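Undergrad: Just coords-v3.csv, nothing more (CSV, C-alpha atoms):
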```csv
chain,number,residue,atom,x,y,z
A,1,MET,CA,82.3,91.2,126.1
A,2,GLY,CA,84.2,94.4,126.4
A,3,ILE,CA,83.1,97.6,124.7
A,4,CYS,CA,84.8,98.9,121.6
A,5,LEU,CA,85.1,102.7,121.6
A,6,PHE,CA,84.9,104.1,118.0
A,7,ILE,CA,86.1,107.5,117.3
A,8,ASN,CA,83.5,109.1,115.1
A,9,PRO,CA,84.6,109.9,111.6
A,10,ILE,CA,84.4,113.4,110.3
A,11,LYS,CA,81.0,114.7,109.4
A,12,GLY,CA,79.7,116.4,106.2
A,13,ALA,CA,81.8,114.1,104.0
A,14,GLY,CA,79.2,113.1,101.6
A,15,ASP,CA,77.4,109.8,101.5
A,16,ASP,CA,80.2,107.4,101.3
A,17,LEU,CA,81.4,107.0,104.9
A,18,PRO,CA,79.4,104.3,106.6
A,19,ASP,CA,78.6,104.6,110.2
A,20,ILE,CA,79.2,101.5,112.4
A,21,GLY,CA,75.7,102.2,113.8
A,22,SER,CA,74.1,99.2,115.4
A,23,HIS,CA,76.0,96.6,113.5
A,24,ALA,CA,77.7,95.3,116.6
A,25,PRO,CA,76.3,95.0,120.1
A,26,ASN,CA,79.4,96.2,122.0
A,27,THR,CA,80.1,99.6,120.6
A,28,ALA,CA,80.4,103.1,122.0
A,29,PHE,CA,81.2,106.4,120.2
A,30,VAL,CA,83.1,109.6,121.0
A,31,ASP,CA,84.1,112.6,118.9
A,32,GLN,CA,87.8,112.8,118.3
A,33,TYR,CA,88.4,116.0,120.2
A,34,ASP,CA,86.6,114.6,123.2
A,35,LEU,CA,89.2,111.8,123.6
A,36,ASP,CA,91.1,113.9,126.1
A,37,LYS,CA,88.0,113.9,128.3
A,38,THR,CA,87.4,110.2,128.0
A,39,ASP,CA,88.3,107.6,130.6
A,40,LEU,CA,89.7,104.8,128.3
A,41,SER,CA,90.0,102.3,131.2
A,42,GLN,CA,86.3,101.4,130.8
A,43,PHE,CA,86.8,100.2,127.2
A,44,ALA,CA,88.4,97.0,125.8
A,45,ALA,CA,89.3,98.6,122.5
A,46,LEU,CA,89.9,102.0,120.9
A,47,ILE,CA,89.0,101.9,117.2
A,48,LEU,CA,90.4,104.7,115.0
A,49,PRO,CA,88.8,105.6,111.6
A,50,ALA,CA,90.9,106.7,108.6
A,51,HIS,CA,89.2,110.1,108.8
A,52,ILE,CA,90.9,111.4,111.9
A,53,ASP,CA,93.1,114.3,113.0
A,54,GLN,CA,96.4,112.4,113.5
A,55,ARG,CA,98.1,115.6,114.7
A,56,PHE,CA,95.6,115.8,117.6
A,57,LEU,CA,96.1,112.0,118.3
A,58,GLY,CA,99.7,112.8,118.6
A,59,THR,CA,98.9,114.9,121.6
A,60,ARG,CA,97.1,111.9,123.2
A,61,SER,CA,100.0,109.4,122.8
A,62,ASP,CA,100.5,109.2,126.6
A,63,GLN,CA,96.8,108.4,127.1
A,64,ILE,CA,96.8,105.8,124.4
A,65,THR,CA,100.1,104.3,125.6
A,66,THR,CA,98.7,103.9,129.1
A,67,PHE,CA,95.5,102.3,127.6
A,68,LEU,CA,97.7,99.8,125.7
A,69,ASP,CA,100.0,99.2,128.7
A,70,GLN,CA,96.8,98.2,130.7
A,71,GLY,CA,96.0,95.6,128.1
A,72,GLY,CA,93.8,97.6,125.7
A,73,THR,CA,93.4,96.9,122.0
A,74,LEU,CA,94.0,99.6,119.4
A,75,VAL,CA,92.6,99.2,115.9
A,76,PHE,CA,94.1,101.6,113.4
A,77,ASN,CA,92.6,102.3,109.9
A,78,GLY,CA,94.2,104.5,107.3
A,79,HIS,CA,97.7,105.7,106.5
A,80,VAL,CA,100.1,106.8,109.2
A,81,ALA,CA,101.1,110.4,108.4
A,82,TRP,CA,101.8,111.7,111.9
A,83,PRO,CA,103.1,108.7,113.9
A,84,MET,CA,101.6,109.0,117.4
A,85,LEU,CA,103.1,105.9,118.9
A,86,PRO,CA,106.6,104.4,118.6
A,87,GLU,CA,105.0,101.3,117.0
A,88,LEU,CA,103.7,103.3,114.0
A,89,LYS,CA,105.8,104.3,111.0
A,90,PRO,CA,104.8,106.5,108.1
A,91,PHE,CA,102.8,105.0,105.3
A,92,VAL,CA,104.7,103.5,102.3
A,93,PRO,CA,102.7,103.4,99.1
A,94,LEU,CA,103.0,100.6,96.5
A,95,GLU,CA,105.6,101.7,93.9
A,96,ARG,CA,103.4,100.6,91.1
A,97,GLN,CA,99.6,100.3,91.5
A,98,SER,CA,99.0,97.6,89.0
A,99,LEU,CA,96.3,95.0,89.4
A,100,GLU,CA,98.8,92.3,90.4
A,101,ASN,CA,100.2,94.6,93.1
A,102,LEU,CA,96.8,95.4,94.4
A,103,MET,CA,95.9,91.8,95.0
A,104,ILE,CA,95.4,90.9,98.7
A,105,TYR,CA,97.0,87.7,100.0
A,106,ARG,CA,96.5,86.3,103.5
A,107,VAL,CA,99.7,85.1,105.1
A,108,ASN,CA,98.3,84.4,108.6
A,109,HIS,CA,94.8,83.6,109.8
A,110,HIS,CA,93.1,85.9,112.3
A,111,PRO,CA,89.6,85.8,113.8
A,112,VAL,CA,88.7,89.2,112.3
A,113,PHE,CA,89.1,87.7,108.8
A,114,ASP,CA,87.8,84.2,109.5
A,115,GLY,CA,85.8,83.1,106.5
A,116,VAL,CA,86.6,86.3,104.5
A,117,ASP,CA,87.6,85.5,100.9
A,118,CYS,CA,90.7,87.5,99.9
A,119,ASN,CA,89.1,88.0,96.4
A,120,ASP,CA,86.3,89.8,98.1
A,121,LEU,CA,88.8,92.1,99.8
A,122,THR,CA,90.7,92.7,96.6
A,123,PHE,CA,87.8,93.5,94.4
A,124,LYS,CA,84.8,95.7,94.8
A,125,ARG,CA,82.5,95.5,91.8
A,126,GLY,CA,85.4,94.1,89.8
A,127,VAL,CA,87.7,97.0,90.8
A,128,ALA,CA,90.8,96.5,92.9
A,129,GLY,CA,92.4,99.0,95.2
A,130,PHE,CA,89.7,99.9,97.7
A,131,TYR,CA,91.2,97.8,100.5
A,132,ALA,CA,94.7,99.0,100.6
A,133,ARG,CA,97.3,100.7,98.4
A,134,GLY,CA,100.4,100.4,100.6
A,135,SER,CA,101.7,99.7,104.0
A,136,ASN,CA,102.1,101.2,107.4
A,137,PRO,CA,105.3,99.3,108.1
A,138,PRO,CA,105.0,96.7,110.9
A,139,PRO,CA,107.2,96.5,114.0
A,140,VAL,CA,109.8,93.7,113.7
A,141,ASP,CA,107.9,91.3,115.9
A,142,ALA,CA,104.4,92.0,114.4
A,143,ILE,CA,102.5,89.1,112.7
A,144,PRO,CA,101.6,90.0,109.1
A,145,LEU,CA,98.0,89.1,108.2
A,146,HIS,CA,97.5,90.4,104.7
A,147,VAL,CA,100.1,91.5,102.1
A,148,LEU,CA,99.7,93.3,98.8
A,149,GLY,CA,100.8,91.7,95.5
A,150,LYS,CA,104.2,90.5,94.5
A,151,GLU,CA,105.9,93.3,96.6
A,152,GLN,CA,104.4,91.5,99.6
A,153,LEU,CA,103.9,94.8,101.3
A,154,VAL,CA,102.2,94.1,104.7
A,155,CYS,CA,99.0,96.0,104.8
A,156,ASP,CA,97.4,94.3,107.8
A,157,TRP,CA,99.3,93.2,110.9
A,158,LEU,CA,98.9,92.4,114.5
A,159,TYR,CA,101.4,93.4,117.2
A,160,GLU,CA,101.3,92.1,120.7
A,161,ARG,CA,103.2,94.7,122.7
A,162,PRO,CA,105.8,93.5,125.1
A,163,LYS,CA,104.5,96.0,127.7
A,164,GLY,CA,100.9,94.8,127.2
A,165,GLY,CA,98.1,95.6,124.8
A,166,ARG,CA,97.8,94.8,121.1
A,167,ILE,CA,97.6,96.8,117.9
A,168,LEU,CA,95.6,95.7,114.9
A,169,MET,CA,96.7,97.6,111.8
A,170,HIS,CA,94.8,98.0,108.6
A,171,SER,CA,96.7,100.3,106.2
A,172,GLY,CA,93.6,101.3,104.2
A,173,ASN,CA,90.0,102.4,104.2
A,174,ASP,CA,87.9,101.8,107.3
A,175,LEU,CA,87.2,98.2,107.8
A,176,TRP,CA,83.5,99.0,108.4
A,177,MET,CA,83.1,100.0,104.7
A,178,TYR,CA,81.9,96.4,104.5
A,179,ILE,CA,78.8,96.9,106.5
A,180,GLY,CA,75.9,95.7,104.5
A,181,SER,CA,78.1,94.0,101.9
A,182,GLN,CA,76.6,91.0,100.1
A,183,ASN,CA,79.7,88.8,100.2
A,184,SER,CA,82.1,87.3,102.7
A,185,THR,CA,83.3,90.7,103.8
A,186,SER,CA,80.1,91.1,105.7
A,187,ARG,CA,81.8,89.0,108.4
A,188,VAL,CA,84.5,91.6,109.1
A,189,VAL,CA,82.6,94.1,111.3
A,190,PRO,CA,81.0,91.6,113.7
A,191,GLN,CA,84.2,89.6,113.9
A,192,LEU,CA,86.2,92.8,114.5
A,193,CYS,CA,84.0,93.9,117.3
A,194,ALA,CA,83.9,90.4,118.9
A,195,TRP,CA,87.7,90.1,118.7
A,196,ALA,CA,88.5,93.6,119.8
A,197,GLY,CA,85.9,93.3,122.6
A,198,GLY,CA,87.8,90.3,123.9
A,199,GLU,CA,85.4,87.6,123.1
B,1,MET,CA,102.1,137.7,94.2
B,2,GLY,CA,99.8,137.0,97.1
B,3,LYS,CA,100.3,134.3,99.7
B,4,LEU,CA,98.5,131.1,99.5
B,5,ALA,CA,97.5,129.3,102.7
B,6,ILE,CA,95.7,126.0,103.3
B,7,ILE,CA,94.0,124.5,106.3
B,8,ASP,CA,95.5,121.3,107.6
B,9,THR,CA,93.0,119.1,109.4
B,10,GLY,CA,95.7,116.5,110.5
B,11,THR,CA,94.3,113.8,108.3
B,12,TYR,CA,96.7,111.6,106.3
B,13,TYR,CA,95.2,112.7,103.0
B,14,HIS,CA,95.8,116.4,103.7
B,15,HIS,CA,99.3,115.5,104.9
B,16,ARG,CA,100.1,114.0,101.4
B,17,VAL,CA,98.9,117.2,99.7
B,18,ILE,CA,100.2,119.8,102.1
B,19,HIS,CA,103.5,118.3,103.4
B,20,GLU,CA,104.8,116.1,100.6
B,21,ASP,CA,106.8,117.1,97.5
B,22,ARG,CA,104.4,117.1,94.6
B,23,PHE,CA,102.2,119.9,95.9
B,24,GLY,CA,103.7,121.1,99.2
B,25,HIS,CA,105.7,123.9,97.5
B,26,PHE,CA,102.6,125.6,96.3
B,27,PHE,CA,101.5,126.6,99.8
B,28,ASP,CA,103.1,129.6,101.6
B,29,GLN,CA,101.6,128.5,104.9
B,30,ALA,CA,99.7,125.5,106.3
B,31,ILE,CA,97.4,126.4,109.1
B,32,TYR,CA,96.5,123.6,111.5
B,33,ILE,CA,92.7,123.8,111.9
B,34,ARG,CA,92.9,124.0,115.7
B,35,ASP,CA,95.2,127.0,115.4
B,36,LEU,CA,93.1,128.9,112.9
B,37,CYS,CA,91.6,131.2,115.4
B,38,LYS,CA,95.0,132.3,116.7
B,39,THR,CA,96.7,132.6,113.3
B,40,ASP,CA,97.6,136.0,111.8
B,41,LEU,CA,96.0,136.0,108.4
B,42,SER,CA,97.0,139.6,107.5
B,43,ASP,CA,99.5,138.6,104.8
B,44,ILE,CA,97.5,135.7,103.4
B,45,THR,CA,95.5,136.6,100.3
B,46,THR,CA,94.0,133.1,99.5
B,47,LEU,CA,92.8,130.6,102.0
B,48,ILE,CA,92.0,127.1,100.8
B,49,VAL,CA,89.7,124.8,102.8
B,50,PRO,CA,90.7,121.4,101.5
B,51,CYS,CA,88.1,118.7,100.7
B,52,ARG,CA,86.6,116.8,103.6
B,53,THR,CA,87.3,119.3,106.2
B,54,ASP,CA,84.6,118.7,108.8
B,55,PRO,CA,82.2,121.7,108.6
B,56,ALA,CA,81.6,121.3,112.3
B,57,HIS,CA,85.1,122.6,112.8
B,58,LEU,CA,84.6,125.5,110.4
B,59,VAL,CA,81.2,126.9,111.6
B,60,ALA,CA,82.9,128.4,114.6
B,61,HIS,CA,85.1,130.4,112.2
B,62,ARG,CA,82.2,131.8,110.2
B,63,LYS,CA,83.1,135.4,111.1
B,64,LEU,CA,86.8,134.8,110.3
B,65,PHE,CA,85.9,133.8,106.8
B,66,ALA,CA,83.5,136.7,106.4
B,67,ASP,CA,86.1,139.1,107.6
B,68,PHE,CA,88.7,137.6,105.3
B,69,LEU,CA,86.4,138.1,102.3
B,70,ASN,CA,85.5,141.6,103.4
B,71,ASP,CA,89.2,142.4,103.2
B,72,GLY,CA,89.0,141.6,99.5
B,73,LYS,CA,90.7,138.2,99.8
B,74,THR,CA,89.9,134.8,98.3
B,75,VAL,CA,88.4,131.8,100.0
B,76,VAL,CA,88.6,128.5,98.2
B,77,ALA,CA,86.0,125.9,99.4
B,78,MET,CA,86.6,122.4,98.2
B,79,GLY,CA,84.2,119.5,98.0
B,80,SER,CA,82.6,117.8,101.1
B,81,THR,CA,83.3,120.8,103.3
B,82,GLY,CA,79.7,121.9,103.7
B,83,PRO,CA,80.5,125.5,102.7
B,84,ASP,CA,76.8,126.5,103.0
B,85,LYS,CA,77.3,126.1,106.8
B,86,TRP,CA,80.3,128.5,107.1
B,87,LEU,CA,80.1,130.9,104.2
B,88,ASP,CA,77.3,133.3,103.2
B,89,ASP,CA,75.4,133.1,99.9
B,90,ILE,CA,76.1,129.4,99.2
B,91,SER,CA,73.4,127.2,97.9
B,92,TRP,CA,74.4,123.5,97.9
B,93,ARG,CA,72.2,120.5,97.6
B,94,PHE,CA,72.9,116.8,98.2
B,95,THR,CA,72.8,114.5,95.2
B,96,PRO,CA,73.7,110.8,95.3
B,97,THR,CA,77.3,110.4,94.4
B,98,ASN,CA,77.8,108.5,91.2
B,99,PHE,CA,81.1,106.6,91.8
B,100,TRP,CA,80.6,104.0,89.1
B,101,TRP,CA,79.6,105.9,85.9
B,102,TRP,CA,82.9,104.9,84.3
B,103,LYS,CA,82.2,101.2,85.0
B,104,GLU,CA,78.6,101.2,84.0
B,105,GLY,CA,79.1,102.9,80.6
B,106,GLY,CA,77.5,106.2,81.7
B,107,SER,CA,78.7,109.7,82.0
B,108,LEU,CA,78.8,112.4,84.6
B,109,ASN,CA,77.6,114.8,81.9
B,110,LEU,CA,80.0,117.5,82.9
B,111,GLU,CA,80.4,120.5,80.7
B,112,ILE,CA,82.6,123.6,80.7
B,113,ALA,CA,80.3,126.5,81.3
B,114,GLU,CA,82.8,129.4,80.6
B,115,PRO,CA,85.4,128.2,78.1
B,116,GLU,CA,87.3,131.5,78.2
B,117,HIS,CA,87.9,131.4,81.9
B,118,SER,CA,91.6,131.3,82.8
B,119,LEU,CA,91.1,128.1,84.8
B,120,PHE,CA,90.9,126.2,81.6
B,121,ASP,CA,94.4,127.3,80.5
B,122,TYR,CA,95.5,125.0,83.4
B,123,VAL,CA,92.8,122.3,83.9
B,124,LYS,CA,91.2,120.0,81.3
B,125,LEU,CA,87.7,118.9,81.8
B,126,ALA,CA,88.9,115.3,81.7
B,127,ASP,CA,91.0,116.0,84.7
B,128,ALA,CA,88.0,117.4,86.6
B,129,THR,CA,86.0,114.2,85.9
B,130,TRP,CA,85.8,111.6,88.6
B,131,HIS,CA,82.7,112.3,90.7
B,132,HIS,CA,81.3,115.2,92.7
B,133,HIS,CA,79.6,115.6,96.0
B,134,GLY,CA,76.4,117.4,95.4
B,135,LEU,CA,75.5,120.4,93.3
B,136,LEU,CA,75.8,124.2,93.7
B,137,THR,CA,73.5,126.9,92.5
B,138,PRO,CA,75.8,129.9,91.9
B,139,PRO,CA,74.5,133.2,93.2
B,140,ALA,CA,73.3,135.8,90.6
B,141,GLY,CA,76.4,137.4,89.0
B,142,ALA,CA,78.8,134.6,89.9
B,143,THR,CA,80.3,132.5,87.1
B,144,SER,CA,79.8,128.8,86.9
B,145,LEU,CA,82.9,127.1,85.3
B,146,ILE,CA,81.7,123.5,85.3
B,147,ASN,CA,78.2,122.3,85.2
B,148,ALA,CA,76.8,118.8,85.7
B,149,ASN,CA,73.8,117.3,84.0
B,150,LYS,CA,72.6,120.7,83.2
B,151,ALA,CA,71.3,120.6,86.8
B,152,GLY,CA,73.8,122.6,88.7
B,153,SER,CA,77.4,123.8,89.1
B,154,ILE,CA,80.3,121.8,90.5
B,155,PHE,CA,82.7,124.7,90.3
B,156,TYR,CA,82.0,128.4,90.3
B,157,ASP,CA,83.8,131.7,90.8
B,158,ASP,CA,82.0,134.3,92.8
B,159,ARG,CA,83.3,137.9,92.8
B,160,VAL,CA,80.0,139.5,93.5
B,161,THR,CA,78.6,138.6,96.9
B,162,SER,CA,81.5,140.0,98.9
B,163,PRO,CA,84.4,142.4,98.4
B,164,GLY,CA,86.5,139.3,98.0
B,165,ARG,CA,86.3,136.2,95.9
B,166,LYS,CA,84.8,132.8,96.6
B,167,ILE,CA,85.9,129.8,94.6
B,168,VAL,CA,83.6,127.0,95.4
B,169,THR,CA,83.6,123.4,94.1
B,170,THR,CA,82.1,120.0,95.0
B,171,LEU,CA,85.2,118.2,93.7
B,172,ASP,CA,87.4,116.4,96.2
B,173,PRO,CA,90.8,116.0,94.6
B,174,MET,CA,92.9,116.4,97.8
B,175,TYR,CA,91.1,113.5,99.4
B,176,HIS,CA,91.7,111.1,96.5
B,177,HIS,CA,95.2,112.3,95.7
B,178,GLY,CA,95.9,111.8,99.4
B,179,ASN,CA,94.7,108.2,99.1
B,180,HIS,CA,96.9,107.4,96.1
B,181,PHE,CA,93.6,106.8,94.3
B,182,MET,CA,92.2,108.2,91.1
B,183,PRO,CA,95.0,109.7,89.0
B,184,ALA,CA,92.7,112.4,87.5
B,185,THR,CA,92.5,114.0,90.9
B,186,SER,CA,96.3,114.4,91.0
B,187,ARG,CA,96.3,115.8,87.5
B,188,PHE,CA,93.5,118.2,88.5
B,189,LEU,CA,95.7,119.5,91.3
B,190,ASP,CA,98.7,119.8,88.8
B,191,GLY,CA,96.6,122.4,87.1
B,192,PHE,CA,94.4,123.9,89.8
B,193,LEU,CA,97.1,124.9,92.2
B,194,PRO,CA,99.3,126.7,89.6
B,195,TRP,CA,96.2,128.5,88.5
B,196,LEU,CA,95.4,129.6,92.0
B,197,LYS,CA,99.0,130.8,92.4
B,198,SER,CA,98.6,132.8,89.2
B,199,GLN,CA,95.5,134.7,90.4
```
Once you've parsed the file, please lay out its structure as structure tokens.

TA:
Amino acid sequence: MGICLFINPIKGAGDDLPDIGSHAPNTAFVDQYDLDKTDLSQFAALILPAHIDQRFLGTRSDQITTFLDQGGTLVFNGHVAWPMLPELKPFVPLERQSLENLMIYRVNHHPVFDGVDCNDLTFKRGVAGFYARGSNPPPVDAIPLHVLGKEQLVCDWLYERPKGGRILMHSGNDLWMYIGSQNSTSRVVPQLCAWAGGE
Amino acid sequence: MGKLAIIDTGTYYHHRVIHEDRFGHFFDQAIYIRDLCKTDLSDITTLIVPCRTDPAHLVAHRKLFADFLNDGKTVVAMGSTGPDKWLDDISWRFTPTNFWWWKEGGSLNLEIAEPEHSLFDYVKLADATWHHHGLLTPPAGATSLINANKAGSIFYDDRVTSPGRKIVTTLDPMYHHGNHFMPATSRFLDGFLPWLKSQ
């Protein structure tokens, strides 16, 4: 299985940012500003946390494009504010953040979410809105995976690039917020690392 | 009126605060964090370090902040920035963050410590009430504005430990407003930023 390179999230942010730690066997880590010194060809996937300097990533777009062109997998968490690749467009929030609009619906199956109940994605301790509150708009040929509410805003999508490589988009909090969860969402991290690693 | 500058770490949540309509007009200058050391601060009178700026990226600028204060200017340190690591005379301690008090029927037990302070012409206690990341012990002579649980301060105003002024809080409104999450945080900024401009 290939190695997934996680960009470390920022430090000193309190006690609510889980570390991927040892929850998957095929992980490696690098600080964001060391990306320019990192040979990405040794990794199967580059996994970006929501807490990242997107302006800096914009300076690495050639490096990331080459990585994708060579068949790499990019996993993006968070809202796109500074689009660093042509496939990424700025985040569009839900117009109305009502409960019905915050409901998560699966529109296509994907191994990362195999066996994960959409209700467990929608609600955390009975509260909706932790998973996603809008959409990083997908490219035309992307496959939507999860949508939000009646607006059917696509919050998760998969895009197989014509030039090679693939992008898994999650327009919300880091998917590894589910580490240690007591419901079906505990499947997300191991399945994410297995899929991104090319299992 | 002095000039208000804010550090931009390139995260999407800072983007929403600094570069979008609702609050962007309050800032006379946005300083990208990687450009801080080469930025001329001579006409800036107030420098805001927004919540969740990684302290690892601020420690290197410890002298810059000290010099800024020695010039009689104001530094605003928001929550989850580890200000004890890059400012003098800061006493912060970790406390578990209570995210769920509103769901569990409890209270954060916040109280206004200095009702006559001008901040409260702009900000209501209810709009400062979501959670906080740790507690502060204000230095002797500084003024705590909001206390929590009678155990420490979550917002204080220090005009005594330097020729300038330190406004220090453990609240993280920029992060949550930037996430389209927790409306109180947006309302807090609706009052807090005009108050800062009025100083």

Undergrad: What are the residues of chain A that have an atom within 12 Å of an atom of chain B, counting only C-alpha atoms, as a CSV table (one decimal) with C-alpha atoms, keeping the file's coordinate frame?

TA:
```csv
chain,number,residue,atom,x,y,z
A,8,ASN,CA,83.5,109.1,115.1
A,9,PRO,CA,84.6,109.9,111.6
A,10,ILE,CA,84.4,113.4,110.3
A,11,LYS,CA,81.0,114.7,109.4
A,12,GLY,CA,79.7,116.4,106.2
A,13,ALA,CA,81.8,114.1,104.0
A,14,GLY,CA,79.2,113.1,101.6
A,15,ASP,CA,77.4,109.8,101.5
A,16,ASP,CA,80.2,107.4,101.3
A,17,LEU,CA,81.4,107.0,104.9
A,31,ASP,CA,84.1,112.6,118.9
A,32,GLN,CA,87.8,112.8,118.3
A,33,TYR,CA,88.4,116.0,120.2
A,48,LEU,CA,90.4,104.7,115.0
A,49,PRO,CA,88.8,105.6,111.6
A,50,ALA,CA,90.9,106.7,108.6
A,51,HIS,CA,89.2,110.1,108.8
A,52,ILE,CA,90.9,111.4,111.9
A,53,ASP,CA,93.1,114.3,113.0
A,54,GLN,CA,96.4,112.4,113.5
A,55,ARG,CA,98.1,115.6,114.7
A,56,PHE,CA,95.6,115.8,117.6
A,57,LEU,CA,96.1,112.0,118.3
A,58,GLY,CA,99.7,112.8,118.6
A,59,THR,CA,98.9,114.9,121.6
A,77,ASN,CA,92.6,102.3,109.9
A,78,GLY,CA,94.2,104.5,107.3
A,79,HIS,CA,97.7,105.7,106.5
A,80,VAL,CA,100.1,106.8,109.2
A,81,ALA,CA,101.1,110.4,108.4
A,82,TRP,CA,101.8,111.7,111.9
A,83,PRO,CA,103.1,108.7,113.9
A,84,MET,CA,101.6,109.0,117.4
A,90,PRO,CA,104.8,106.5,108.1
A,91,PHE,CA,102.8,105.0,105.3
A,92,VAL,CA,104.7,103.5,102.3
A,93,PRO,CA,102.7,103.4,99.1
A,94,LEU,CA,103.0,100.6,96.5
A,95,GLU,CA,105.6,101.7,93.9
A,96,ARG,CA,103.4,100.6,91.1
A,97,GLN,CA,99.6,100.3,91.5
A,98,SER,CA,99.0,97.6,89.0
A,102,LEU,CA,96.8,95.4,94.4
A,124,LYS,CA,84.8,95.7,94.8
A,125,ARG,CA,82.5,95.5,91.8
A,126,GLY,CA,85.4,94.1,89.8
A,127,VAL,CA,87.7,97.0,90.8
A,128,ALA,CA,90.8,96.5,92.9
A,129,GLY,CA,92.4,99.0,95.2
A,130,PHE,CA,89.7,99.9,97.7
A,131,TYR,CA,91.2,97.8,100.5
A,132,ALA,CA,94.7,99.0,100.6
A,133,ARG,CA,97.3,100.7,98.4
A,134,GLY,CA,100.4,100.4,100.6
A,136,ASN,CA,102.1,101.2,107.4
A,171,SER,CA,96.7,100.3,106.2
A,172,GLY,CA,93.6,101.3,104.2
A,173,ASN,CA,90.0,102.4,104.2
```

Undergrad: What's the 12 Å shell around A:Ala24, counting only C-alpha atoms, without same-chain residues fewer than 5 positions away, as a list in words?

TA: Met1, Gly2, Ile3, Cys4, Leu5, Phe6, Asp19, Trp176, Ile179, Ser186, Arg187, Val188, Val189, Pro190, Gln191, Leu192, Cys193, Ala194, Trp195, Ala196 and Gly197 of chain A

Undergrad: With distances taken over all atoms listed in the file, which residue among B:Ile6, B:Cys37, B:Ala151, B:Ala140 lies nearest B:Asp89?

TA: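 Looking only at the distances to B:Asp89, the closest residue turns out to be B:Ala140.
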
Undergrad: So which residues touch B:Gln29 within 12 Å, counting only C-alpha atoms, skipping near sequence neighbours fewer than 4 positions away, as a JSON list (two decimals) with C-alpha atoms, in the frame of the given file?

TA:
```json
[["chain", "number", "residue", "atom", "x", "y", "z"],
["B", 2, "GLY", "CA", 99.80, 137.00, 97.10],
["B", 3, "LYS", "CA", 100.30, 134.30, 99.70],
["B", 4, "LEU", "CA", 98.50, 131.10, 99.50],
["B", 5, "ALA", "CA", 97.50, 129.30, 102.70],
["B", 6, "ILE", "CA", 95.70, 126.00, 103.30],
["B", 7, "ILE", "CA", 94.00, 124.50, 106.30],
["B", 8, "ASP", "CA", 95.50, 121.30, 107.60],
["B", 18, "ILE", "CA", 100.20, 119.80, 102.10],
["B", 19, "HIS", "CA", 103.50, 118.30, 103.40],
["B", 24, "GLY", "CA", 103.70, 121.10, 99.20],
["B", 25, "HIS", "CA", 105.70, 123.90, 97.50],
["B", 36, "LEU", "CA", 93.10, 128.90, 112.90],
["B", 39, "THR", "CA", 96.70, 132.60, 113.30],
["B", 40, "ASP", "CA", 97.60, 136.00, 111.80],
["B", 41, "LEU", "CA", 96.00, 136.00, 108.40],
["B", 43, "ASP", "CA", 99.50, 138.60, 104.80],
["B", 44, "ILE", "CA", 97.50, 135.70, 103.40],
["B", 45, "THR", "CA", 95.50, 136.60, 100.30],
["B", 46, "THR", "CA", 94.00, 133.10, 99.50],
["B", 47, "LEU", "CA", 92.80, 130.60, 102.00],
["B", 48, "ILE", "CA", 92.00, 127.10, 100.80]]
```

Undergrad: What's the 9 Å shell around B:Phe68, counting all atoms listed in the file, without same-chain residues fewer than 3 positions away, as JSON, numbers by chain?

TA: {"B": [41, 42, 45, 47, 63, 64, 65, 71, 72, 73, 74, 75, 164]}

Undergrad: Just how far from atom CA of B:Ile90 is atom CA of B:His117, in Å to one decimal?

TA: 21.0 Å

Undergrad: Check the smallest atom-to-atom distance from each of B:His61, B:Phe23, B:Ala30, B:Asn149 to B:Gly106 using only C-alpha atoms, then report the winner.

TA: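 Using only C-alpha atoms, B:Gly106 sits closest to B:Asn149.
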
Undergrad: Tell me, in Å to one decimal, how far atom CA of B:Leu196 is from atom CA of B:Glu111.

TA: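 Separation between atom CA of B:Leu196 and atom CA of B:Glu111: 20.9 Å.
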
Undergrad: Fewer than 6 positions away in the same chain doesn't count, so skip those; otherwise give me all residues within 8 Å of B:Phe192, counting only C-alpha atoms, as a ChimeraX atom specification.

TA: /B:119,122-123
